[in-house]
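Engineer: So here's protein.pdb, just PDB, C-alpha atoms:
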```pdb
ATOM      1  CA  MET A   1     362.231 132.096 134.060  1.00  0.00           C
ATOM      2  CA  THR A   2     360.047 129.282 135.331  1.00  0.00           C
ATOM      3  CA  HIS A   3     358.750 126.787 132.802  1.00  0.00           C
ATOM      4  CA  LYS A   4     355.593 124.705 133.051  1.00  0.00           C
ATOM      5  CA  ILE A   5     356.105 121.368 131.358  1.00  0.00           C
ATOM      6  CA  SER A   6     353.204 119.057 130.565  1.00  0.00           C
ATOM      7  CA  VAL A   7     353.323 115.665 128.869  1.00  0.00           C
ATOM      8  CA  GLU A   8     350.544 113.917 126.966  1.00  0.00           C
ATOM      9  CA  GLU A   9     350.825 110.426 125.491  1.00  0.00           C
ATOM     10  CA  THR A  10     349.615 110.461 121.878  1.00  0.00           C
ATOM     11  CA  SER A  11     350.472 106.817 121.041  1.00  0.00           C
ATOM     12  CA  PRO A  12     352.408 104.017 122.782  1.00  0.00           C
ATOM     13  CA  THR A  13     355.800 105.552 121.865  1.00  0.00           C
ATOM     14  CA  LYS A  14     354.847 109.168 121.077  1.00  0.00           C
ATOM     15  CA  TYR A  15     354.381 112.041 123.481  1.00  0.00           C
ATOM     16  CA  ARG A  16     353.467 115.693 123.062  1.00  0.00           C
ATOM     17  CA  VAL A  17     355.417 117.881 125.438  1.00  0.00           C
ATOM     18  CA  THR A  18     354.167 121.434 125.985  1.00  0.00           C
ATOM     19  CA  VAL A  19     356.427 124.054 127.516  1.00  0.00           C
ATOM     20  CA  ILE A  20     354.980 127.345 128.749  1.00  0.00           C
ATOM     21  CA  ALA A  21     357.052 130.231 130.047  1.00  0.00           C
ATOM     22  CA  GLY A  22     355.294 133.546 130.398  1.00  0.00           C
ATOM     23  CA  LYS A  23     353.531 134.200 127.091  1.00  0.00           C
ATOM     24  CA  THR A  24     355.678 131.716 125.170  1.00  0.00           C
ATOM     25  CA  LYS A  25     354.255 128.269 124.462  1.00  0.00           C
ATOM     26  CA  THR A  26     355.982 125.559 122.436  1.00  0.00           C
ATOM     27  CA  THR A  27     354.966 122.004 121.659  1.00  0.00           C
ATOM     28  CA  HIS A  28     357.310 119.140 120.910  1.00  0.00           C
ATOM     29  CA  ASP A  29     356.494 115.665 119.596  1.00  0.00           C
ATOM     30  CA  VAL A  30     358.913 113.215 121.180  1.00  0.00           C
ATOM     31  CA  THR A  31     359.399 109.529 120.461  1.00  0.00           C
ATOM     32  CA  LEU A  32     360.263 107.487 123.544  1.00  0.00           C
ATOM     33  CA  THR A  33     360.704 103.739 123.179  1.00  0.00           C
ATOM     34  CA  SER A  34     360.627 101.265 126.051  1.00  0.00           C
ATOM     35  CA  SER A  35     364.337 100.550 125.471  1.00  0.00           C
ATOM     36  CA  ASP A  36     365.091 104.292 125.799  1.00  0.00           C
ATOM     37  CA  LEU A  37     363.070 104.389 129.009  1.00  0.00           C
ATOM     38  CA  GLY A  38     365.072 101.473 130.385  1.00  0.00           C
ATOM     39  CA  ARG A  39     368.360 103.009 129.299  1.00  0.00           C
ATOM     40  CA  TYR A  40     367.798 106.496 130.680  1.00  0.00           C
ATOM     41  CA  ALA A  41     365.438 105.983 133.588  1.00  0.00           C
ATOM     42  CA  ALA A  42     364.618 102.443 134.643  1.00  0.00           C
ATOM     43  CA  GLY A  43     361.730 102.508 137.090  1.00  0.00           C
ATOM     44  CA  ARG A  44     360.556 105.974 136.069  1.00  0.00           C
ATOM     45  CA  SER A  45     357.388 106.751 134.185  1.00  0.00           C
ATOM     46  CA  PRO A  46     357.736 108.056 130.625  1.00  0.00           C
ATOM     47  CA  GLU A  47     356.130 111.320 131.729  1.00  0.00           C
ATOM     48  CA  SER A  48     358.635 111.790 134.544  1.00  0.00           C
ATOM     49  CA  LEU A  49     361.579 111.063 132.236  1.00  0.00           C
ATOM     50  CA  LEU A  50     360.295 113.523 129.646  1.00  0.00           C
ATOM     51  CA  LYS A  51     359.744 116.276 132.208  1.00  0.00           C
ATOM     52  CA  VAL A  52     363.204 115.916 133.691  1.00  0.00           C
ATOM     53  CA  SER A  53     364.685 115.672 130.182  1.00  0.00           C
ATOM     54  CA  PHE A  54     363.053 118.947 129.192  1.00  0.00           C
ATOM     55  CA  GLU A  55     364.357 120.579 132.366  1.00  0.00           C
ATOM     56  CA  PHE A  56     367.804 119.335 131.312  1.00  0.00           C
ATOM     57  CA  LEU A  57     367.343 120.831 127.830  1.00  0.00           C
ATOM     58  CA  LEU A  58     365.976 124.136 129.126  1.00  0.00           C
ATOM     59  CA  GLN A  59     369.096 124.598 131.263  1.00  0.00           C
ATOM     60  CA  ARG A  60     371.189 124.351 128.101  1.00  0.00           C
ATOM     61  CA  GLU A  61     369.180 126.077 125.389  1.00  0.00           C
ATOM     62  CA  LEU A  62     366.264 128.388 124.789  1.00  0.00           C
ATOM     63  CA  GLN A  63     362.788 126.912 124.740  1.00  0.00           C
ATOM     64  CA  GLU A  64     362.343 128.018 121.130  1.00  0.00           C
ATOM     65  CA  SER A  65     365.583 126.243 120.126  1.00  0.00           C
ATOM     66  CA  ILE A  66     364.410 122.787 121.179  1.00  0.00           C
ATOM     67  CA  LEU A  67     363.449 120.730 118.142  1.00  0.00           C
ATOM     68  CA  ARG A  68     359.704 120.441 117.526  1.00  0.00           C
ATOM     69  CA  GLN A  69     359.974 116.747 116.708  1.00  0.00           C
ATOM     70  CA  PHE A  70     362.680 114.324 117.830  1.00  0.00           C
ATOM     71  CA  ALA A  71     363.434 110.990 119.460  1.00  0.00           C
ATOM     72  CA  LEU A  72     364.555 111.281 123.063  1.00  0.00           C
ATOM     73  CA  SER A  73     367.684 109.291 122.199  1.00  0.00           C
ATOM     74  CA  ASP A  74     368.694 112.186 119.863  1.00  0.00           C
ATOM     75  CA  VAL A  75     369.434 114.334 122.933  1.00  0.00           C
ATOM     76  CA  GLU A  76     372.549 112.283 123.593  1.00  0.00           C
ATOM     77  CA  ARG A  77     373.973 113.232 120.174  1.00  0.00           C
ATOM     78  CA  TYR A  78     373.821 116.914 121.082  1.00  0.00           C
ATOM     79  CA  PHE A  79     374.664 116.513 124.772  1.00  0.00           C
ATOM     80  CA  PRO A  80     376.928 113.479 125.361  1.00  0.00           C
ATOM     81  CA  ASP A  81     376.610 113.901 129.158  1.00  0.00           C
ATOM     82  CA  TYR A  82     372.810 113.494 129.002  1.00  0.00           C
ATOM     83  CA  PRO A  83     372.605 109.783 130.027  1.00  0.00           C
ATOM     84  CA  LYS A  84     374.832 110.205 133.070  1.00  0.00           C
ATOM     85  CA  ILE A  85     373.130 113.382 134.263  1.00  0.00           C
ATOM     86  CA  ILE A  86     369.561 112.249 133.572  1.00  0.00           C
ATOM     87  CA  ARG A  87     369.988 108.990 135.504  1.00  0.00           C
ATOM     88  CA  ALA A  88     371.203 110.922 138.544  1.00  0.00           C
ATOM     89  CA  LEU A  89     368.293 113.398 138.641  1.00  0.00           C
ATOM     90  CA  PRO A  90     365.287 112.719 140.860  1.00  0.00           C
ATOM     91  CA  ALA A  91     361.947 111.918 139.257  1.00  0.00           C
ATOM     92  CA  VAL A  92     359.662 114.861 138.600  1.00  0.00           C
ATOM     93  CA  THR A  93     356.067 114.711 139.711  1.00  0.00           C
ATOM     94  CA  GLU A  94     353.184 117.028 138.943  1.00  0.00           C
TER      95      GLU A  94
END
```
Spell out the structure here as structure tokens.
Structural biologist:
Amino acid sequence: MTHKISVEETSPTKYRVTVIAGKTKTTHDVTLTSSDLGRYAAGRSPESLLKVSFEFLLQRELQESILRQFALSDVERYFPDYPKIIRALPAVTE
């Protein structure tokens, strides 16, 4: 199933990510610090990193299983290969 991922900045380190697939819509509040951005995707926009990160997550779990609120750095605790894979993926644009 194809997912539509949109990202909205709600504060300097907080983003609301909306995922829509068919009739299912979920929203996720994600904390992304500048140090996380530098660690996972130097040179990428926060929005691009979040989109590609959600694509990564959606390949590994159901949309409804993704936490509703988390820090992007938490992904690495659940998926230790996240940093290596995410750095290798191309930026996502709208």
Engineer: With only C-alpha atoms as the atoms that count, which of A:Ile85, A:Leu50, A:Leu37, A:Ala42 lies nearest to A:Glu9?
Structural biologist: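 So, comparing all the options, the nearest one is A:Leu50.
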Engineer: Please write as an mmCIF file with C-alpha atoms, in the coordinates of the input the full residue list that the PyMOL selection byres ((chain A and resi 39) around 12) yields on this file.
Structural biologist:
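What follows is the written file selection_9.cif:
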```cif
data_model
loop_
_atom_site.group_PDB
_atom_site.id
_atom_site.type_symbol
_atom_site.label_atom_id
_atom_site.label_comp_id
_atom_site.auth_asym_id
_atom_site.auth_seq_id
_atom_site.Cartn_x
_atom_site.Cartn_y
_atom_site.Cartn_z
ATOM 1 C CA LEU A 32 360.263 107.487 123.544
ATOM 2 C CA THR A 33 360.704 103.739 123.179
ATOM 3 C CA SER A 34 360.627 101.265 126.051
ATOM 4 C CA SER A 35 364.337 100.550 125.471
ATOM 5 C CA ASP A 36 365.091 104.292 125.799
ATOM 6 C CA LEU A 37 363.070 104.389 129.009
ATOM 7 C CA GLY A 38 365.072 101.473 130.385
ATOM 8 C CA TYR A 40 367.798 106.496 130.680
ATOM 9 C CA ALA A 41 365.438 105.983 133.588
ATOM 10 C CA ALA A 42 364.618 102.443 134.643
ATOM 11 C CA GLY A 43 361.730 102.508 137.090
ATOM 12 C CA ARG A 44 360.556 105.974 136.069
ATOM 13 C CA PRO A 46 357.736 108.056 130.625
ATOM 14 C CA LEU A 49 361.579 111.063 132.236
ATOM 15 C CA LEU A 72 364.555 111.281 123.063
ATOM 16 C CA SER A 73 367.684 109.291 122.199
ATOM 17 C CA GLU A 76 372.549 112.283 123.593
ATOM 18 C CA TYR A 82 372.810 113.494 129.002
ATOM 19 C CA PRO A 83 372.605 109.783 130.027
ATOM 20 C CA LYS A 84 374.832 110.205 133.070
ATOM 21 C CA ILE A 86 369.561 112.249 133.572
ATOM 22 C CA ARG A 87 369.988 108.990 135.504
#
```
Engineer: Write out as a PDB file with C-alpha atoms, in the frame of the given file which residues come within 10 Å of A:Glu64 when counting only C-alpha atoms, dropping same-chain ones fewer than 4 positions away.
Structural biologist:
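Generated output (out.pdb):
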```pdb
ATOM      1  CA  VAL A  19     356.427 124.054 127.516  1.00  0.00           C
ATOM      2  CA  THR A  24     355.678 131.716 125.170  1.00  0.00           C
ATOM      3  CA  LYS A  25     354.255 128.269 124.462  1.00  0.00           C
ATOM      4  CA  THR A  26     355.982 125.559 122.436  1.00  0.00           C
ATOM      5  CA  THR A  27     354.966 122.004 121.659  1.00  0.00           C
ATOM      6  CA  LEU A  58     365.976 124.136 129.126  1.00  0.00           C
ATOM      7  CA  ARG A  68     359.704 120.441 117.526  1.00  0.00           C
TER       8      ARG A  68
END
```
Engineer: Take the PyMOL selection byres ((chain A and resi 2) around 9), run it mentally on this structure, and tell me the resulting residues as a PyMOL selection string.
Structural biologist: chain A and resi 1+3-4+20-22
Engineer: The centre and edge lengths of an axis-aligned box containing all atoms of stretch 22-30 of chain A present in the file, extended by 4 Å on each side, are to be given in Å to one decimal, as JSON.
Structural biologist:
```
{"center_x": 356.2, "center_y": 123.7, "center_z": 125.0, "size_x": 13.4, "size_y": 29.0, "size_z": 18.8}
```
Engineer: Enter the distance from atom CA of A:Leu89 to atom CA of A:Pro12, in Å, rounded to one decimal.
Structural biologist: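 The value is 24.3 Å.
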Engineer: Which protein, DNA or RNA residues are at most 10 Å from (350.3, 113.6, 124.0) in the file's coordinates when you count only C-alpha atoms, listed as an MDAnalysis selection string?
Structural biologist: chainID A and resid 6:18 27:30 47
Engineer: For a test of reading the model, state the distance in Å between atom CA of A:Ser45 and atom CA of A:Ala71, rounded to one decimal.
Structural biologist: 16.5 Å
Engineer: Work out how far apart atom CA of A:Thr31 and atom CA of A:Gln69 are and give it in Å to one decimal.
Structural biologist: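 So the two atoms, atom CA of A:Thr31 and atom CA of A:Gln69, lie 8.2 Å apart.
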Engineer: Excluding same-chain residues fewer than 5 positions from A:Leu57, what lies within 9 Å of it counting only C-alpha atoms, as a list in words?
Structural biologist: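 Once the adjacent positions are removed, what remains is Val52, Leu62, Gln63, Ile66 and Val75 of chain A.
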Engineer: Could you model N, CA and C atoms for stretch 59-81 of chain A and present them as an mmCIF file, in the coordinates of the input?
Structural biologist:
```
data_model
loop_
_atom_site.group_PDB
_atom_site.id
_atom_site.type_symbol
_atom_site.label_atom_id
_atom_site.label_comp_id
_atom_site.auth_asym_id
_atom_site.auth_seq_id
_atom_site.Cartn_x
_atom_site.Cartn_y
_atom_site.Cartn_z
ATOM 1 N N GLN A 59 367.919 124.037 130.590
ATOM 2 C CA GLN A 59 369.096 124.598 131.263
ATOM 3 C C GLN A 59 370.227 124.849 130.271
ATOM 4 N N ARG A 60 370.110 124.279 129.073
ATOM 5 C CA ARG A 60 371.189 124.351 128.101
ATOM 6 C C ARG A 60 370.846 125.127 126.831
ATOM 7 N N GLU A 61 369.569 125.339 126.588
ATOM 8 C CA GLU A 61 369.180 126.077 125.389
ATOM 9 C C GLU A 61 367.821 126.742 125.584
ATOM 10 N N LEU A 62 367.533 127.682 124.719
ATOM 11 C CA LEU A 62 366.264 128.388 124.789
ATOM 12 C C LEU A 62 365.118 127.457 124.417
ATOM 13 N N GLN A 63 363.999 127.699 125.005
ATOM 14 C CA GLN A 63 362.788 126.912 124.740
ATOM 15 C C GLN A 63 362.497 126.842 123.247
ATOM 16 N N GLU A 64 362.642 127.955 122.556
ATOM 17 C CA GLU A 64 362.343 128.018 121.130
ATOM 18 C C GLU A 64 363.375 127.267 120.281
ATOM 19 N N SER A 65 364.527 126.948 120.858
ATOM 20 C CA SER A 65 365.583 126.243 120.126
ATOM 21 C C SER A 65 365.435 124.728 120.181
ATOM 22 N N ILE A 66 364.608 124.231 121.074
ATOM 23 C CA ILE A 66 364.410 122.787 121.179
ATOM 24 C C ILE A 66 363.627 122.322 119.959
ATOM 25 N N LEU A 67 364.103 121.255 119.343
ATOM 26 C CA LEU A 67 363.449 120.730 118.142
ATOM 27 C C LEU A 67 361.968 120.461 118.403
ATOM 28 N N ARG A 68 361.157 120.657 117.391
ATOM 29 C CA ARG A 68 359.704 120.441 117.526
ATOM 30 C C ARG A 68 359.344 118.971 117.440
ATOM 31 N N GLN A 69 360.231 118.179 116.827
ATOM 32 C CA GLN A 69 359.974 116.747 116.708
ATOM 33 C C GLN A 69 361.322 116.029 116.777
ATOM 34 N N PHE A 70 361.435 115.066 117.701
ATOM 35 C CA PHE A 70 362.680 114.324 117.830
ATOM 36 C C PHE A 70 362.460 113.070 118.666
ATOM 37 N N ALA A 71 363.418 112.163 118.588
ATOM 38 C CA ALA A 71 363.434 110.990 119.460
ATOM 39 C C ALA A 71 364.257 111.349 120.679
ATOM 40 N N LEU A 72 363.832 110.917 121.847
ATOM 41 C CA LEU A 72 364.555 111.281 123.063
ATOM 42 C C LEU A 72 366.026 110.857 122.979
ATOM 43 N N SER A 73 366.293 109.748 122.333
ATOM 44 C CA SER A 73 367.684 109.291 122.199
ATOM 45 C C SER A 73 368.548 110.277 121.402
ATOM 46 N N ASP A 74 367.933 111.173 120.608
ATOM 47 C CA ASP A 74 368.694 112.186 119.863
ATOM 48 C C ASP A 74 369.391 113.177 120.800
ATOM 49 N N VAL A 75 368.856 113.367 121.991
ATOM 50 C CA VAL A 75 369.434 114.334 122.933
ATOM 51 C C VAL A 75 370.896 113.997 123.202
ATOM 52 N N GLU A 76 371.189 112.726 123.301
ATOM 53 C CA GLU A 76 372.549 112.283 123.593
ATOM 54 C C GLU A 76 373.544 112.695 122.504
ATOM 55 N N ARG A 77 373.085 112.792 121.263
ATOM 56 C CA ARG A 77 373.973 113.232 120.174
ATOM 57 C C ARG A 77 374.411 114.679 120.362
ATOM 58 N N TYR A 78 373.513 115.499 120.882
ATOM 59 C CA TYR A 78 373.821 116.914 121.082
ATOM 60 C C TYR A 78 374.493 117.168 122.435
ATOM 61 N N PHE A 79 374.143 116.359 123.417
ATOM 62 C CA PHE A 79 374.664 116.513 124.772
ATOM 63 C C PHE A 79 375.152 115.149 125.265
ATOM 64 N N PRO A 80 376.409 114.807 125.000
ATOM 65 C CA PRO A 80 376.928 113.479 125.361
ATOM 66 C C PRO A 80 376.823 113.139 126.851
ATOM 67 N N ASP A 81 376.730 114.150 127.712
ATOM 68 C CA ASP A 81 376.610 113.901 129.158
ATOM 69 C C ASP A 81 375.172 113.611 129.596
#
```
